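Participant: Provided herewith: final35.cif, mmCIF, C-alpha atoms.
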data_query
loop_
_atom_site.label_atom_id
_atom_site.label_comp_id
_atom_site.auth_asym_id
_atom_site.auth_seq_id
_atom_site.Cartn_x
_atom_site.Cartn_y
_atom_site.Cartn_z
CA MET A 1 -31.96 -32.21 91.50
CA SER A 2 -28.46 -31.86 92.94
CA ARG A 3 -27.35 -28.34 93.86
CA HIS A 4 -23.80 -27.33 93.05
CA VAL A 5 -21.48 -24.50 92.11
CA ALA A 6 -21.28 -24.32 88.31
CA ILE A 7 -18.33 -22.97 86.37
CA VAL A 8 -18.82 -20.76 83.31
CA THR A 9 -15.99 -19.42 81.17
CA ASP A 10 -15.72 -18.15 77.60
CA SER A 11 -14.58 -19.65 74.33
CA THR A 12 -11.08 -18.16 74.55
CA ALA A 13 -10.17 -20.63 77.33
CA TYR A 14 -9.63 -23.27 74.60
CA LEU A 15 -10.26 -26.09 77.03
CA PRO A 16 -10.27 -29.61 75.58
CA PRO A 17 -13.91 -30.63 74.95
CA GLN A 18 -13.49 -33.77 77.04
CA ALA A 19 -12.29 -31.71 80.02
CA MET A 20 -15.28 -29.38 79.73
CA GLU A 21 -17.66 -32.32 79.62
CA ARG A 22 -15.98 -34.13 82.51
CA HIS A 23 -16.12 -31.07 84.77
CA GLY A 24 -19.41 -29.63 83.51
CA ILE A 25 -17.82 -26.34 82.42
CA THR A 26 -19.87 -24.08 80.13
CA ALA A 27 -18.13 -21.77 77.63
CA VAL A 28 -19.87 -18.68 76.27
CA PRO A 29 -18.69 -17.96 72.69
CA LEU A 30 -17.11 -14.73 71.53
CA THR A 31 -17.73 -13.59 67.97
CA VAL A 32 -15.46 -13.16 64.98
CA VAL A 33 -16.60 -10.67 62.35
CA LEU A 34 -15.30 -11.69 58.92
CA GLY A 35 -16.11 -8.93 56.48
CA ASP A 36 -19.76 -8.27 57.33
CA GLU A 37 -20.48 -11.77 58.66
CA ALA A 38 -20.59 -12.39 62.44
CA LEU A 39 -19.57 -15.93 63.38
CA GLU A 40 -19.47 -17.66 66.76
CA GLU A 41 -16.06 -18.93 67.81
CA GLY A 42 -15.88 -22.68 68.09
CA THR A 43 -19.00 -23.50 66.10
CA GLU A 44 -19.29 -21.21 63.07
CA ILE A 45 -15.66 -20.46 62.19
CA SER A 46 -12.64 -22.72 62.38
CA SER A 47 -9.04 -21.80 63.08
CA ARG A 48 -8.15 -22.90 59.54
CA SER A 49 -10.76 -20.61 57.98
CA LEU A 50 -9.55 -17.73 60.11
CA ALA A 51 -5.91 -18.30 59.14
CA LEU A 52 -6.83 -18.37 55.45
CA ALA A 53 -8.81 -15.15 55.80
CA LEU A 54 -5.86 -13.42 57.50
CA GLN A 55 -3.46 -14.63 54.83
CA LYS A 56 -5.77 -13.12 52.22
CA ARG A 57 -5.80 -9.89 54.27
CA ARG A 58 -9.56 -9.95 54.70
CA SER A 59 -11.08 -7.66 57.31
CA VAL A 60 -11.31 -9.56 60.61
CA THR A 61 -12.49 -8.14 63.94
CA THR A 62 -13.79 -9.68 67.15
CA SER A 63 -16.57 -8.84 69.59
CA ARG A 64 -17.68 -9.84 73.07
CA PRO A 65 -20.78 -11.90 73.85
CA SER A 66 -23.78 -9.73 74.64
CA PRO A 67 -25.12 -9.49 78.20
CA GLU A 68 -28.25 -11.23 76.88
CA VAL A 69 -26.19 -14.27 75.85
CA PHE A 70 -24.65 -14.43 79.31
CA ALA A 71 -28.06 -14.01 80.93
CA ALA A 72 -29.44 -16.94 78.93
CA THR A 73 -26.43 -19.04 79.89
CA TYR A 74 -26.82 -18.27 83.59
CA ARG A 75 -30.53 -19.13 83.45
CA ALA A 76 -29.81 -22.44 81.74
CA VAL A 77 -27.10 -23.34 84.23
CA ALA A 78 -29.39 -22.48 87.14
CA GLU A 79 -32.21 -24.56 85.68
CA ALA A 80 -29.78 -27.48 85.39
CA GLY A 81 -29.30 -27.42 89.15
CA ALA A 82 -26.66 -24.85 90.01
CA SER A 83 -27.06 -23.06 93.34
CA ALA A 84 -24.31 -20.56 92.44
CA ILE A 85 -22.14 -19.74 89.44
CA VAL A 86 -18.48 -18.77 89.14
CA SER A 87 -17.95 -17.03 85.80
CA LEU A 88 -14.27 -16.79 84.79
CA HIS A 89 -13.17 -14.74 81.80
CA LEU A 90 -10.32 -13.50 79.69
CA SER A 91 -8.51 -10.33 80.64
CA ALA A 92 -10.69 -7.23 80.62
CA GLU A 93 -7.72 -5.50 78.95
CA PHE A 94 -8.47 -7.54 75.81
CA SER A 95 -12.25 -7.65 75.69
CA GLY A 96 -15.52 -6.37 77.11
CA THR A 97 -16.53 -9.95 77.92
CA TYR A 98 -16.03 -9.43 81.67
CA ASP A 99 -18.22 -6.31 81.64
CA ALA A 100 -20.97 -8.13 79.73
CA ALA A 101 -20.90 -10.95 82.27
CA LEU A 102 -21.13 -8.46 85.14
CA LEU A 103 -24.24 -6.87 83.63
CA ALA A 104 -25.92 -10.23 83.16
CA ALA A 105 -25.02 -11.41 86.67
CA LYS A 106 -27.25 -8.71 88.20
CA ASP A 107 -30.38 -10.48 86.96
CA SER A 108 -29.29 -14.09 87.35
CA PRO A 109 -31.70 -16.39 89.24
CA VAL A 110 -28.74 -17.63 91.34
CA PRO A 111 -25.71 -15.74 92.69
CA VAL A 112 -22.91 -15.23 90.15
CA ARG A 113 -19.29 -14.38 90.97
CA VAL A 114 -17.70 -12.84 87.87
CA VAL A 115 -13.89 -12.90 87.77
CA ASP A 116 -11.47 -11.10 85.47
CA THR A 117 -8.65 -13.67 85.53
CA GLY A 118 -6.25 -11.44 83.59
CA MET A 119 -5.56 -14.55 81.52
CA VAL A 120 -6.40 -15.95 78.09
CA ALA A 121 -6.22 -19.29 76.27
CA MET A 122 -5.24 -22.22 78.54
CA ALA A 123 -3.94 -19.73 81.11
CA LEU A 124 -7.67 -19.06 81.54
CA GLY A 125 -8.49 -22.72 81.01
CA PHE A 126 -6.31 -23.86 83.91
CA CYS A 127 -8.12 -21.34 86.17
CA ALA A 128 -11.47 -22.80 85.13
CA LEU A 129 -10.25 -26.32 85.83
CA ALA A 130 -8.98 -25.33 89.27
CA ALA A 131 -12.34 -23.76 90.12
CA ALA A 132 -14.25 -26.79 88.82
CA GLU A 133 -12.13 -29.25 90.80
CA THR A 134 -12.66 -27.22 93.95
CA ALA A 135 -16.42 -27.14 93.41
CA GLU A 136 -16.47 -30.88 92.76
CA ALA A 137 -14.68 -31.43 96.07
CA GLY A 138 -17.52 -29.63 97.86
CA GLY A 139 -16.16 -26.10 97.88
CA GLY A 140 -18.50 -23.14 97.67
CA ALA A 141 -18.33 -20.20 95.27
CA ASP A 142 -15.81 -18.32 97.42
CA GLU A 143 -13.50 -21.33 97.52
CA ALA A 144 -13.81 -21.88 93.76
CA VAL A 145 -12.98 -18.22 93.08
CA ALA A 146 -9.99 -18.42 95.44
CA ALA A 147 -8.71 -21.54 93.65
CA ALA A 148 -9.00 -19.83 90.26
CA GLU A 149 -7.28 -16.67 91.48
CA LYS A 150 -4.47 -18.68 93.08
CA ARG A 151 -3.96 -20.57 89.83
CA ALA A 152 -3.95 -17.32 87.84
CA ALA A 153 -1.36 -15.76 90.16
CA GLY A 154 1.06 -18.62 89.53
CA THR A 155 0.45 -19.04 85.80
CA SER A 156 2.68 -17.58 83.09
CA ALA A 157 2.03 -17.32 79.35
CA TYR A 158 4.65 -16.69 76.69
CA PHE A 159 4.35 -16.61 72.95
CA TYR A 160 6.14 -16.09 69.70
CA VAL A 161 4.55 -14.45 66.66
CA ASP A 162 5.94 -14.16 63.16
CA THR A 163 4.93 -10.51 63.08
CA LEU A 164 3.46 -7.95 65.46
CA ASP A 165 1.34 -6.52 62.65
CA TYR A 166 -1.87 -8.34 63.67
CA LEU A 167 -1.49 -7.32 67.32
CA ARG A 168 -0.76 -3.75 66.27
CA ARG A 169 -3.81 -3.57 64.02
CA GLY A 170 -6.03 -4.97 66.76
CA GLY A 171 -4.63 -2.58 69.36
CA ARG A 172 -3.62 -5.50 71.60
CA ILE A 173 0.09 -4.96 72.23
CA GLY A 174 -0.13 -2.31 74.97
CA ALA A 175 3.27 -0.96 75.93
CA ALA A 176 4.88 -3.20 73.33
CA GLN A 177 3.36 -0.97 70.65
CA ALA A 178 6.12 1.58 71.28
CA LEU A 179 8.62 -1.07 70.24
CA PHE A 180 6.77 -2.04 67.11
CA GLY A 181 8.98 -0.20 64.64
CA SER A 182 12.26 -1.60 65.95
CA ALA A 183 10.76 -5.06 66.42
CA LEU A 184 10.03 -5.41 62.71
CA ALA A 185 13.65 -6.32 62.06
CA VAL A 186 13.62 -9.14 64.62
CA LYS A 187 11.36 -11.88 65.95
CA PRO A 188 9.38 -10.91 69.06
CA LEU A 189 8.80 -12.97 72.17
CA LEU A 190 5.91 -11.67 74.25
CA GLN A 191 4.37 -12.43 77.62
CA LEU A 192 1.11 -11.93 79.42
CA ASP A 193 1.74 -9.47 82.23
CA GLY A 194 -0.91 -7.76 84.33
CA GLY A 195 -3.58 -8.83 81.88
CA ARG A 196 -1.76 -7.16 78.98
CA ILE A 197 0.56 -8.34 76.22
CA GLU A 198 4.06 -7.02 76.77
CA MET A 199 7.34 -7.40 74.93
CA LEU A 200 9.63 -9.90 76.64
CA GLU A 201 12.59 -10.23 74.30
CA LYS A 202 13.58 -9.58 70.71
CA VAL A 203 15.45 -12.36 68.92
CA ARG A 204 17.12 -12.33 65.54
CA THR A 205 15.56 -15.37 63.84
CA ALA A 206 12.46 -17.52 64.18
CA SER A 207 14.47 -20.62 65.09
CA LYS A 208 16.36 -18.76 67.81
CA ALA A 209 13.14 -17.24 69.13
CA ILE A 210 11.46 -20.65 69.42
CA ALA A 211 14.55 -22.09 71.10
CA ARG A 212 14.51 -19.20 73.55
CA LEU A 213 10.79 -19.74 74.19
CA GLU A 214 11.58 -23.34 75.11
CA GLU A 215 14.31 -22.28 77.54
CA ILE A 216 12.01 -19.76 79.23
CA VAL A 217 9.30 -22.40 79.69
CA VAL A 218 11.71 -25.00 81.08
CA ASP A 219 13.16 -22.46 83.50
CA ARG A 220 9.72 -21.26 84.61
CA ALA A 221 8.47 -24.83 85.09
CA GLY A 222 11.30 -25.71 87.48
CA ASP A 223 11.18 -29.04 89.30
CA GLY A 224 7.71 -28.87 90.87
CA GLN A 225 4.49 -30.35 89.52
CA VAL A 226 3.28 -28.24 86.64
CA ASP A 227 0.72 -28.23 83.82
CA ILE A 228 1.73 -26.89 80.43
CA ALA A 229 -0.25 -25.96 77.33
CA VAL A 230 1.29 -25.40 73.91
CA HIS A 231 -0.81 -23.32 71.52
CA HIS A 232 -0.37 -22.51 67.85
CA LEU A 233 -2.15 -21.10 64.82
CA ALA A 234 -1.47 -22.82 61.50
CA ALA A 235 1.83 -24.15 62.89
CA PRO A 236 1.14 -27.72 64.10
CA GLU A 237 4.64 -28.99 63.38
CA ARG A 238 6.16 -26.25 65.54
CA ALA A 239 3.74 -27.01 68.36
CA ASP A 240 4.23 -30.77 68.28
CA ALA A 241 8.01 -30.42 68.20
CA LEU A 242 8.03 -28.01 71.15
CA ALA A 243 5.68 -30.23 73.13
CA GLU A 244 7.87 -33.27 72.57
CA ARG A 245 10.96 -31.43 73.77
CA LEU A 246 9.11 -30.16 76.85
CA ARG A 247 8.03 -33.72 77.71
CA GLU A 248 11.69 -34.66 77.84
CA ARG A 249 12.92 -31.59 79.70
CA VAL A 250 10.29 -30.79 82.37
CA PRO A 251 10.69 -33.30 85.23
CA GLY A 252 7.50 -32.34 87.10
CA LEU A 253 5.23 -32.27 84.06
CA ALA A 254 1.70 -33.38 84.99
CA ASP A 255 -0.63 -32.54 82.08
CA LEU A 256 0.47 -31.31 78.68
CA HIS A 257 -2.13 -29.90 76.30
CA VAL A 258 -1.38 -29.14 72.65
CA SER A 259 -4.01 -27.23 70.70
CA GLU A 260 -4.63 -24.69 67.99
CA VAL A 261 -6.03 -21.41 69.28
CA GLY A 262 -9.47 -20.43 68.14
CA ALA A 263 -10.43 -17.67 65.77
CA VAL A 264 -10.71 -14.87 68.35
CA ILE A 265 -7.12 -15.06 69.59
CA GLY A 266 -5.89 -16.06 66.15
CA ALA A 267 -7.36 -12.88 64.69
CA HIS A 268 -4.99 -10.84 66.85
CA THR A 269 -1.83 -12.96 66.57
CA GLY A 270 -1.87 -14.18 62.98
CA PRO A 271 -0.68 -17.49 61.51
CA GLY A 272 2.61 -18.80 62.87
CA LEU A 273 1.76 -18.20 66.53
CA LEU A 274 3.52 -20.51 68.98
CA GLY A 275 2.63 -20.07 72.63
CA ALA A 276 3.22 -21.83 75.92
CA VAL A 277 1.33 -21.59 79.21
CA VAL A 278 3.06 -22.73 82.38
CA SER A 279 0.77 -23.35 85.36
CA PRO A 280 2.22 -24.83 88.57
CA ARG A 281 -0.21 -26.92 90.62
#
Please go through the file and, once you have read it, give me the structure as structure tokens.
Facilitator:
Amino acid sequence: MSRHVAIVTDSTAYLPPQAMERHGITAVPLTVVLGDEALEEGTEISSRSLALALQKRRSVTTSRPSPEVFAATYRAVAEAGASAIVSLHLSAEFSGTYDAALLAAKDSPVPVRVVDTGMVAMALGFCALAAAETAEAGGGADEAVAAAEKRAAGTSAYFYVDTLDYLRRGGRIGAAQALFGSALAVKPLLQLDGGRIEMLEKVRTASKAIARLEEIVVDRAGDGQVDIAVHHLAAPERADALAERLRERVPGLADLHVSEVGAVIGAHTGPGLLGAVVSPR
């Protein structure tokens, strides 16, 4: 049995399934609670079902994986041949997932390094890929953690939402909450900053906000080699159009991922989300 450093993340990384399989990355699912029904993200509730539930104003909340779920995952990964585990998770400002992983790591049969990346969605996904590539090249757990942290430090995430109401209800807008009242009259652009969602700009119309989002991404990407992810919820035409324009405008574009966010992030952003992650290599 080969011994290696295994990479674990959570379902909010929204990594393409083929990338997870190619790099042997394991994702622990978070839970979406729809009414009184608890459903695992990625297997038991789809983005479409979540968007429909939000549009019908059904009660939707989210919850972290339990420490027991993490413990079972770590045991399974160890039994599959891992000599150490690097466990990379969404910002602890958003979820107790990091804390649950820390608790489980204490009883793991192999050493586990748990990392709060301060990221979410493919901003987290790119960190997991960097760690996996380092491990595949023969790096140990410390090197894999350093690669993930370096990737996180250089990665930026920006997004547009049709309304801040879902973020406000979920308590996920941090300092931006103070701007909620005035932002209702305009379209908000937000960014991930210090593991929190912060207001970036307020724009008058949706079309102008999306155009401004594009300009910010192009400027942030610069001329160096960069990976970009475009995310959406129930807005595939917006996402495809933005991705096509970025292909034409970003000279150093390496990989471009376009995907719908899962139910956990979607529950806090609402339908109409359009986001972009910029991650220099």
Participant: Excluding stretch 233-238 of chain A and its own-chain neighbours fewer than 2 positions away, which residues fall within 10 Å of it when counting all atoms listed in the file? Please give them as number ranges by chain.
Facilitator: A: 47-48, 50-52, 161, 210, 230-231, 240-243, 258-263, 265-267, 269-275
Participant: Any idea what's packed within 6 Å of stretch 218-224 of chain A, counting only C-alpha atoms, ignoring anything in its chain fewer than 3 positions away? Could you give it as a ChimeraX atom specification?
Facilitator: /A:215,251-252
Participant: Pull C-alpha atoms from the residues just selected and write them as a CSV table (one decimal), in the frame of the given file.
Facilitator:
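The new file result-v1.csv reads:
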chain,number,residue,atom,x,y,z
A,215,GLU,CA,14.3,-22.3,77.5
A,251,PRO,CA,10.7,-33.3,85.2
A,252,GLY,CA,7.5,-32.3,87.1
Participant: For atom CA of A:Val114 and atom CA of A:Leu88, determine how far apart the two atoms are, in Å to one decimal place.
Facilitator: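 Here the two named atoms are 6.1 Å from each other.
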Participant: Do you know which residues are at most 6 Å from stretch 60-75 of chain A counting all atoms listed in the file, after dropping those on the same chain fewer than 2 positions away, and could you put them as a PyMOL selection string?
Facilitator: chain A and resi 30-34+77-78+96-97+100-101+104
Participant: So what do you get for atom CA of A:Asp193 versus atom CA of A:Asp227, distance-wise?
Facilitator: 18.9 Å
Participant: I would like the residues chosen by the PyMOL selection byres ((chain A and resi 24) around 8) on the shown file; could you give them as a tab-separated table (two decimals) with C-alpha atoms, in the frame of the given file?
Facilitator:
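Wrote part23.tsv, looks like this:
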chain	number	residue	atom	x	y	z
A	6	ALA	CA	-21.28	-24.32	88.31
A	7	ILE	CA	-18.33	-22.97	86.37
A	20	MET	CA	-15.28	-29.38	79.73
A	21	GLU	CA	-17.66	-32.32	79.62
A	22	ARG	CA	-15.98	-34.13	82.51
A	23	HIS	CA	-16.12	-31.07	84.77
A	25	ILE	CA	-17.82	-26.34	82.42
A	26	THR	CA	-19.87	-24.08	80.13
A	132	ALA	CA	-14.25	-26.79	88.82
Participant: Would you kindly translate the PyMOL selection byres ((chain A and resi 229) around 6) into the concrete residues it picks from this file, as a PyMOL selection string?
Facilitator: chain A and resi 228+230+256-258+276-277
Participant: Would you export the selected residues with C-alpha atoms as a compact mmCIF listing (two decimals), in the frame of the given file, please?
Facilitator:
# COMPACT_ATOMS: atom_id res chain seq x y z
CA ILE A 228 1.73 -26.89 80.43
CA VAL A 230 1.29 -25.40 73.91
CA LEU A 256 0.47 -31.31 78.68
CA HIS A 257 -2.13 -29.90 76.30
CA VAL A 258 -1.38 -29.14 72.65
CA ALA A 276 3.22 -21.83 75.92
CA VAL A 277 1.33 -21.59 79.21
Participant: Could you name the residues that touch A:Val145 at 8 Å or less, counting all atoms listed in the file, but leaving out those on the same chain fewer than 4 positions away, as a list in words?
Facilitator: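 Here the qualifying residues turn out to be Val86, Arg113, Val115, Ala131, Ala141 and Glu149 of chain A.
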Participant: So that all listed atoms of stretch 144-157 of chain A fit with 6 Å spare on each side, what axis-aligned box centre and edge lengths in Å, to one decimal, would you give as JSON?
Facilitator:
{"center_x": -5.6, "center_y": -18.8, "center_z": 87.4, "size_x": 28.5, "size_y": 18.1, "size_z": 28.1}
Participant: Between A:His4, A:Ala80, A:Glu248, A:Leu15, which is the closest to A:Leu129 once you count only C-alpha atoms?
Facilitator: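 Answer, going by the shortest atom-to-atom distance: A:Leu15.
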Participant: Using all atoms listed in the file, which of A:Asp142, A:Asp116, A:Asp162, A:Glu44 sits nearest A:Ala206?
Facilitator: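 Checking each candidate against A:Ala206, we get A:Asp162 as the closest.
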Participant: Enter the distance from atom CA of A:Leu200 to atom CA of A:Ala130, in Å, rounded to one decimal.
Facilitator: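 A separation of 27.3 Å between them.
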Participant: Go through A:Glu214, A:Gly118, A:Tyr158, A:Val5 one by one, measure the shortest atom-to-atom distance of each to A:Phe94 using only C-alpha atoms, and give the residue with the smallest value.
Facilitator: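 Among A:Glu214, A:Gly118, A:Tyr158, A:Val5, it is A:Gly118 that comes nearest to A:Phe94.
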Participant: Nearest to A:Ala27 among A:Leu124, A:Leu103, A:Ala137, A:Ala84, with distances taken over only C-alpha atoms: which residue is it?
Facilitator: A:Leu124
Participant: Determine the residue membership of the PyMOL selection byres ((chain A and resi 209) around 10) for the file above and supply it as a list of chain:residue names.
Facilitator: A:Phe159, A:Tyr160, A:Val161, A:Asp162, A:Val186, A:Lys187, A:Pro188, A:Leu189, A:Glu201, A:Lys202, A:Val203, A:Arg204, A:Thr205, A:Ala206, A:Ser207, A:Lys208, A:Ile210, A:Ala211, A:Arg212, A:Leu213, A:Glu214, A:Glu215
Participant: Out of A:Val112, A:Val120, A:Gln55, A:Ala105, which residue has the shortest atom-to-atom distance to A:Val264 when counting all atoms listed in the file?
Facilitator: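 Once distances to A:Val264 are computed over all atoms listed in the file, the minimum belongs to A:Val120.
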Participant: Between A:Gly81, A:Arg196, A:Ser279, A:Ala239, single out the one closest to A:Gln225, counting all atoms listed in the file.
Facilitator: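 Distance minimum relative to A:Gln225 lands on A:Ser279.
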Participant: Find the spatial neighbours of A:Ala123, counting only C-alpha atoms, within a cut-off of 8 Å - ignore same-chain residues fewer than 6 positions away - and output them as JSON, numbers by chain.
Facilitator: {"A": [13, 152, 155, 156, 157, 277, 278, 279]}
